>>> print(open('coords-v6.txt').read())   # compact mmCIF, C-alpha atoms
# COMPACT_ATOMS: atom_id res chain seq x y z
CA GLN G 1 -0.62 6.77 7.53
CA LEU G 2 -2.06 5.01 4.49
CA GLN G 3 -0.13 5.76 1.33
CA LEU G 4 1.16 4.50 -1.98
CA VAL G 5 4.60 5.56 -3.13
CA GLU G 6 5.72 5.19 -6.73
CA SER G 7 9.30 5.13 -7.93
CA GLY G 8 11.28 4.19 -11.00
CA GLY G 9 10.32 6.88 -13.48
CA GLY G 10 12.82 8.78 -15.57
CA LEU G 11 14.04 9.69 -19.03
CA VAL G 12 14.62 6.88 -21.51
CA HIS G 13 15.25 6.62 -25.26
CA PRO G 14 12.64 5.07 -27.54
CA GLY G 15 12.93 1.30 -27.37
CA GLY G 16 14.26 1.43 -23.83
CA SER G 17 12.86 -0.02 -20.61
CA LEU G 18 11.84 1.16 -17.18
CA ARG G 19 10.47 -0.61 -14.13
CA LEU G 20 8.03 1.26 -11.94
CA SER G 21 7.38 0.28 -8.32
CA CYS G 22 4.38 1.03 -6.12
CA LYS G 23 4.79 0.27 -2.44
CA ALA G 24 1.89 0.44 -0.01
CA SER G 25 2.37 1.39 3.61
CA GLY G 26 -0.14 1.52 6.44
CA PHE G 27 -2.41 -1.12 4.91
CA ASN G 28 -2.20 -4.60 3.39
CA LEU G 29 -2.90 -4.89 -0.32
CA HIS G 30 -4.34 -8.41 -0.09
CA SER G 31 -8.00 -7.39 -0.52
CA TYR G 32 -7.29 -4.78 -3.16
CA ALA G 33 -7.06 -4.40 -6.88
CA ILE G 34 -3.99 -2.38 -7.87
CA GLY G 35 -3.64 -0.36 -11.00
CA TRP G 36 -1.23 1.77 -12.95
CA PHE G 37 -2.63 4.84 -14.66
CA ARG G 38 -1.06 7.57 -16.71
CA GLN G 39 -1.86 11.11 -17.67
CA ALA G 40 -0.15 13.03 -20.43
CA PRO G 41 -0.42 16.83 -20.75
CA GLY G 42 -3.81 17.82 -22.13
CA LYS G 43 -5.16 14.27 -21.95
CA GLU G 44 -7.40 12.38 -19.59
CA ARG G 45 -6.05 9.86 -17.14
CA GLU G 46 -6.16 6.34 -18.56
CA GLY G 47 -5.79 2.92 -17.04
CA VAL G 48 -2.63 1.20 -18.24
CA SER G 49 -2.73 -2.06 -16.31
CA CYS G 50 -4.56 -3.42 -13.28
CA LEU G 51 -4.44 -6.63 -11.30
CA SER G 52 -5.86 -8.32 -8.23
CA MET G 53 -3.39 -8.96 -5.45
CA SER G 54 -5.03 -12.23 -4.49
CA GLY G 55 -6.37 -13.84 -7.61
CA GLY G 56 -4.08 -12.86 -10.45
CA TRP G 57 -6.68 -11.18 -12.69
CA THR G 58 -5.06 -8.67 -15.01
CA TYR G 59 -6.05 -5.96 -17.48
CA TYR G 60 -3.87 -4.21 -20.06
CA LEU G 61 -4.57 -1.20 -22.21
CA ASP G 62 -4.47 -2.34 -25.84
CA SER G 63 -1.60 -0.03 -26.74
CA VAL G 64 0.70 -1.56 -24.09
CA LYS G 65 -0.12 -5.25 -24.55
CA GLY G 66 3.02 -7.25 -25.24
CA ARG G 67 5.25 -4.42 -23.99
CA PHE G 68 4.21 -3.84 -20.37
CA THR G 69 3.92 -6.42 -17.60
CA ILE G 70 2.29 -5.88 -14.22
CA SER G 71 3.35 -8.05 -11.30
CA ARG G 72 3.02 -8.20 -7.54
CA GLU G 73 5.22 -9.09 -4.61
CA ARG G 74 2.85 -9.81 -1.75
CA ALA G 75 5.55 -10.13 0.88
CA GLU G 76 6.78 -6.65 0.01
CA ASN G 77 3.27 -5.17 -0.38
CA THR G 78 4.49 -3.89 -3.73
CA VAL G 79 3.30 -3.87 -7.32
CA TYR G 80 5.56 -3.40 -10.33
CA LEU G 81 5.10 -2.28 -13.91
CA GLN G 82 7.82 -3.47 -16.28
CA MET G 83 7.77 -1.31 -19.39
CA ASN G 84 9.70 -2.46 -22.44
CA SER G 85 9.95 -1.13 -25.99
CA LEU G 86 8.93 2.29 -24.78
CA LYS G 87 7.57 4.79 -27.28
CA PRO G 88 7.35 8.59 -27.15
CA GLU G 89 3.58 8.26 -26.78
CA ASP G 90 4.14 6.48 -23.46
CA THR G 91 5.39 9.77 -22.01
CA ALA G 92 3.17 10.73 -19.06
CA VAL G 93 2.95 10.92 -15.30
CA TYR G 94 2.29 7.41 -14.05
CA TYR G 95 0.20 6.86 -10.94
CA CYS G 96 -0.62 3.76 -8.98
CA ALA G 97 -3.91 3.28 -7.18
CA ALA G 98 -5.51 0.76 -4.84
CA LEU G 99 -9.19 -0.17 -4.89
CA TYR G 100 -10.70 -2.15 -2.04
CA ALA G 101 -13.23 -4.90 -2.75
CA SER G 102 -14.46 -7.72 -0.52
CA ASP G 103 -14.21 -10.02 -3.55
CA VAL G 104 -11.69 -8.79 -6.08
CA ASN G 105 -12.44 -10.51 -9.37
CA ASN G 106 -12.03 -9.91 -13.08
CA THR G 107 -14.96 -7.50 -13.17
CA THR G 108 -13.35 -5.42 -10.42
CA VAL G 109 -10.02 -5.29 -12.24
CA GLN G 110 -11.59 -4.40 -15.59
CA ALA G 111 -13.74 -1.66 -14.06
CA MET G 112 -10.84 -0.22 -12.09
CA CYS G 113 -8.77 0.33 -15.19
CA ARG G 114 -11.55 1.34 -17.60
CA ILE G 115 -13.13 3.89 -15.23
CA ALA G 116 -10.01 4.91 -13.27
CA LEU G 117 -11.33 3.85 -9.88
CA GLY G 118 -9.23 3.99 -6.74
CA ASP G 119 -9.52 4.49 -2.99
CA TYR G 120 -5.89 5.49 -2.61
CA TRP G 121 -3.60 7.15 -5.13
CA GLY G 122 0.13 7.71 -5.24
CA GLN G 123 1.77 11.03 -6.01
CA GLY G 124 2.88 9.99 -9.49
CA THR G 125 6.20 9.48 -11.22
CA GLN G 126 7.24 11.07 -14.51
CA VAL G 127 8.13 8.85 -17.47
CA THR G 128 9.64 10.61 -20.48
CA VAL G 129 10.48 8.73 -23.67
CA SER G 130 12.55 10.87 -25.98
CA SER G 131 15.59 10.72 -28.20
>>> encode(input="coords-v6.txt", output="structure tokens")
Amino acid sequence: QLQLVESGGGLVHPGGSLRLSCKASGFNLHSYAIGWFRQAPGKEREGVSCLSMSGGWTYYLDSVKGRFTISRERAENTVYLQMNSLKPEDTAVYYCAALYASDVNNTTVQAMCRIALGDYWGQGTQVTVSS
């Protein structure tokens, strides 16, 4: 069974940190771009950060640059999103997604995040930033 499973969400105070994990099972992420997306109530889903598992290309939403870091652990078939200096406006359900491409490059990564592309999606994990 091919699936992505997110974990690590929760409730945190403004200024706090969380680390989200996205583990793939049933397929190898090597030929994929992986992305983190979020959707707040009443808003459209937006791409937060995306990267290529093989080449290291990355994309960050402007509002999270300098606060969030995406990383990969190939041996574990897992992608992480380290979120620091969290703000109430970061509150949303966070999803990870995987997009297959025979040649994952910067264009692939940019498009994945800007258009919310994905072949596989996780079930989502809630992140709430509140005092």
>>> closest_residue(input="coords-v6.txt", among="G:Ala33, G:Ala97, G:Ala92, G:Phe68", to="Gln123 in chain G", atoms="all atoms listed in the file")
G:Ala97
>>> residues_around(input="coords-v6.txt", residues="range 8-22 of chain G", least_positions_apart="4", cutoff="7 Å", atoms="all atoms listed in the file", output="list in words")
Leu4, Thr78, Val79, Tyr80, Leu81, Gln82, Met83, Asn84, Ser85, Leu86, Lys87, Pro88, Cys96, Thr125, Gln126, Val127, Thr128, Val129, Ser130 and Ser131 of chain G
>>> atom_distance(input="coords-v6.txt", atom1="CA of Tyr32 in chain G", atom2="CA of Val93 in chain G")
22.3 Å
>>> closest_atom_pairs(input="coords-v6.txt", of="range 1-76 of chain G", to="range 98-116 of chain G", cutoff="10 Å", atoms="only C-alpha atoms", output="CSV")
residue,atom,partner,partner_atom,distance
G:Gln3,CA,G:Ala98,CA,9.6
G:Leu4,CA,G:Ala98,CA,8.2
G:Cys22,CA,G:Ala98,CA,10.0
G:Ala24,CA,G:Ala98,CA,8.8
G:Leu29,CA,G:Ala98,CA,7.7
G:His30,CA,G:Tyr100,CA,9.1
G:Ser31,CA,G:Tyr100,CA,6.1
G:Tyr32,CA,G:Tyr100,CA,4.4
G:Ala33,CA,G:Leu99,CA,5.1
G:Ile34,CA,G:Ala98,CA,4.6
G:Gly35,CA,G:Ala98,CA,6.5
G:Trp36,CA,G:Cys113,CA,8.0
G:Phe37,CA,G:Ala116,CA,7.5
G:Arg38,CA,G:Ala116,CA,10.0
G:Arg45,CA,G:Ala116,CA,7.4
G:Glu46,CA,G:Ala116,CA,6.7
G:Gly47,CA,G:Cys113,CA,4.4
G:Val48,CA,G:Cys113,CA,6.9
G:Ser49,CA,G:Cys113,CA,6.6
G:Cys50,CA,G:Val109,CA,5.9
G:Leu51,CA,G:Val109,CA,5.8
G:Ser52,CA,G:Val104,CA,6.2
G:Met53,CA,G:Val104,CA,8.3
G:Ser54,CA,G:Val104,CA,7.7
G:Gly55,CA,G:Asn105,CA,7.1
G:Gly56,CA,G:Asn105,CA,8.8
G:Trp57,CA,G:Asn106,CA,5.5
G:Thr58,CA,G:Val109,CA,6.6
G:Tyr59,CA,G:Gln110,CA,6.1
G:Tyr60,CA,G:Cys113,CA,8.3
G:Leu61,CA,G:Cys113,CA,8.3
>>> axis_aligned_box(input="coords-v6.txt", around="range 70-85 of chain G", padding_each_side="6 Å", output="JSON")
{"center_x": 6.1, "center_y": -5.6, "center_z": -12.6, "size_x": 19.7, "size_y": 21.0, "size_z": 38.9}
>>> atom_distance(input="coords-v6.txt", atom1="CA of Val5 in chain G", atom2="CA of Ser71 in chain G")
15.9 Å
>>> closest_residue(input="coords-v6.txt", among="G:Tyr95, G:Glu89, G:Gln39, G:Lys65", to="Tyr120 in chain G", atoms="all atoms listed in the file")
G:Tyr95
